Amino acid sequence: MNDSTPREDGEPTSFAKAKNWCKKHEPKLRAAGAVGLAVVRHLAERQDTERYDAETYEVENIADSEPDSTAETMGEPRQPPSPHVRKLREGWNASDEKRAQYKAETGDDLAPGTTWVHPSQDEDPGEAAA
């Protein structure tokens, strides 16, 4: 007789073994469940406290932090981005204007699925978003 063969009461042997194991270890399982709930409660309270601390954080402290850019730290002006080829989403292609611009500047044809980005000649990113 294997584990999947039903016993006389209709339950498979493996199910009966699991049921007996649970009865035998019931106090330990209850204790583990209580500890698990206590941990979850503690973590939930901790997240609420962290969220509260973040809301009350003063803006002046953020301004006092160090700048992220090394160039800004050194007092050097930021370099403008250089012209480059950008890969487009699948199925998208560059406009005729961008293909002509790339051909005029490099003498090559623009590869399918790419476009030519020339930051000094393209519109201001703030205007594009408006």
# chains A, B, ... in the order shown; residues from 1 in each chain; ligands from 1
$ residues_around --residues "Leu110 of chain A" --least-positions-apart "2" --cutoff "12 Å" --atoms "only C-alpha atoms" --output "NGL selection string"
:A and (84-87 or 93-108 or 112-117)
$ atom_distance --atom1 "atom CA of Phe15 of chain A" --atom2 "atom CA of Leu29 of chain A"
17.7 Å
$ residues_around --residues "segment 80-82 of chain A" --least-positions-apart "3" --cutoff "10 Å" --atoms "only C-alpha atoms" --output "list in words"
Pro77, Val117, His118, Pro119 and Ser120 of chain A
$ write_last_selection --atoms "all heavy atoms" --output "PDB file, in the first residue's frame"
ATOM      1  N   PRO A  77      32.104  74.533 -15.363  1.00  0.00           N
ATOM      2  CA  PRO A  77      30.779  74.527 -16.000  1.00  0.00           C
ATOM      3  C   PRO A  77      30.467  73.138 -16.574  1.00  0.00           C
ATOM      4  O   PRO A  77      31.369  72.387 -16.948  1.00  0.00           O
ATOM      5  CB  PRO A  77      30.911  75.565 -17.121  1.00  0.00           C
ATOM      6  CG  PRO A  77      32.368  75.649 -17.398  1.00  0.00           C
ATOM      7  CD  PRO A  77      33.067  75.333 -16.100  1.00  0.00           C
ATOM      8  N   VAL A 117      20.499  62.442 -32.685  1.00  0.00           N
ATOM      9  CA  VAL A 117      20.212  63.417 -31.645  1.00  0.00           C
ATOM     10  C   VAL A 117      21.321  64.450 -31.666  1.00  0.00           C
ATOM     11  O   VAL A 117      22.488  64.115 -31.491  1.00  0.00           O
ATOM     12  CB  VAL A 117      20.131  62.747 -30.251  1.00  0.00           C
ATOM     13  CG1 VAL A 117      19.860  63.776 -29.172  1.00  0.00           C
ATOM     14  CG2 VAL A 117      19.072  61.664 -30.244  1.00  0.00           C
ATOM     15  N   HIS A 118      20.941  65.701 -31.916  1.00  0.00           N
ATOM     16  CA  HIS A 118      21.905  66.800 -31.964  1.00  0.00           C
ATOM     17  C   HIS A 118      21.410  67.855 -30.984  1.00  0.00           C
ATOM     18  O   HIS A 118      20.631  68.740 -31.350  1.00  0.00           O
ATOM     19  CB  HIS A 118      22.010  67.362 -33.380  1.00  0.00           C
ATOM     20  CG  HIS A 118      23.280  68.074 -33.637  1.00  0.00           C
ATOM     21  ND1 HIS A 118      23.685  69.174 -32.923  1.00  0.00           N
ATOM     22  CD2 HIS A 118      24.261  67.822 -34.533  1.00  0.00           C
ATOM     23  CE1 HIS A 118      24.842  69.590 -33.379  1.00  0.00           C
ATOM     24  NE2 HIS A 118      25.226  68.785 -34.353  1.00  0.00           N
ATOM     25  N   PRO A 119      21.828  67.770 -29.704  1.00  0.00           N
ATOM     26  CA  PRO A 119      21.273  68.615 -28.650  1.00  0.00           C
ATOM     27  C   PRO A 119      21.330  70.115 -28.933  1.00  0.00           C
ATOM     28  O   PRO A 119      20.412  70.844 -28.570  1.00  0.00           O
ATOM     29  CB  PRO A 119      22.117  68.268 -27.426  1.00  0.00           C
ATOM     30  CG  PRO A 119      22.627  66.899 -27.709  1.00  0.00           C
ATOM     31  CD  PRO A 119      22.815  66.849 -29.194  1.00  0.00           C
ATOM     32  N   SER A 120      22.380  70.607 -29.581  1.00  0.00           N
ATOM     33  CA  SER A 120      22.469  72.049 -29.809  1.00  0.00           C
ATOM     34  C   SER A 120      21.456  72.528 -30.848  1.00  0.00           C
ATOM     35  O   SER A 120      21.078  73.691 -30.855  1.00  0.00           O
ATOM     36  CB  SER A 120      23.885  72.429 -30.243  1.00  0.00           C
ATOM     37  OG  SER A 120      24.188  71.814 -31.482  1.00  0.00           O
TER      38      SER A 120
END
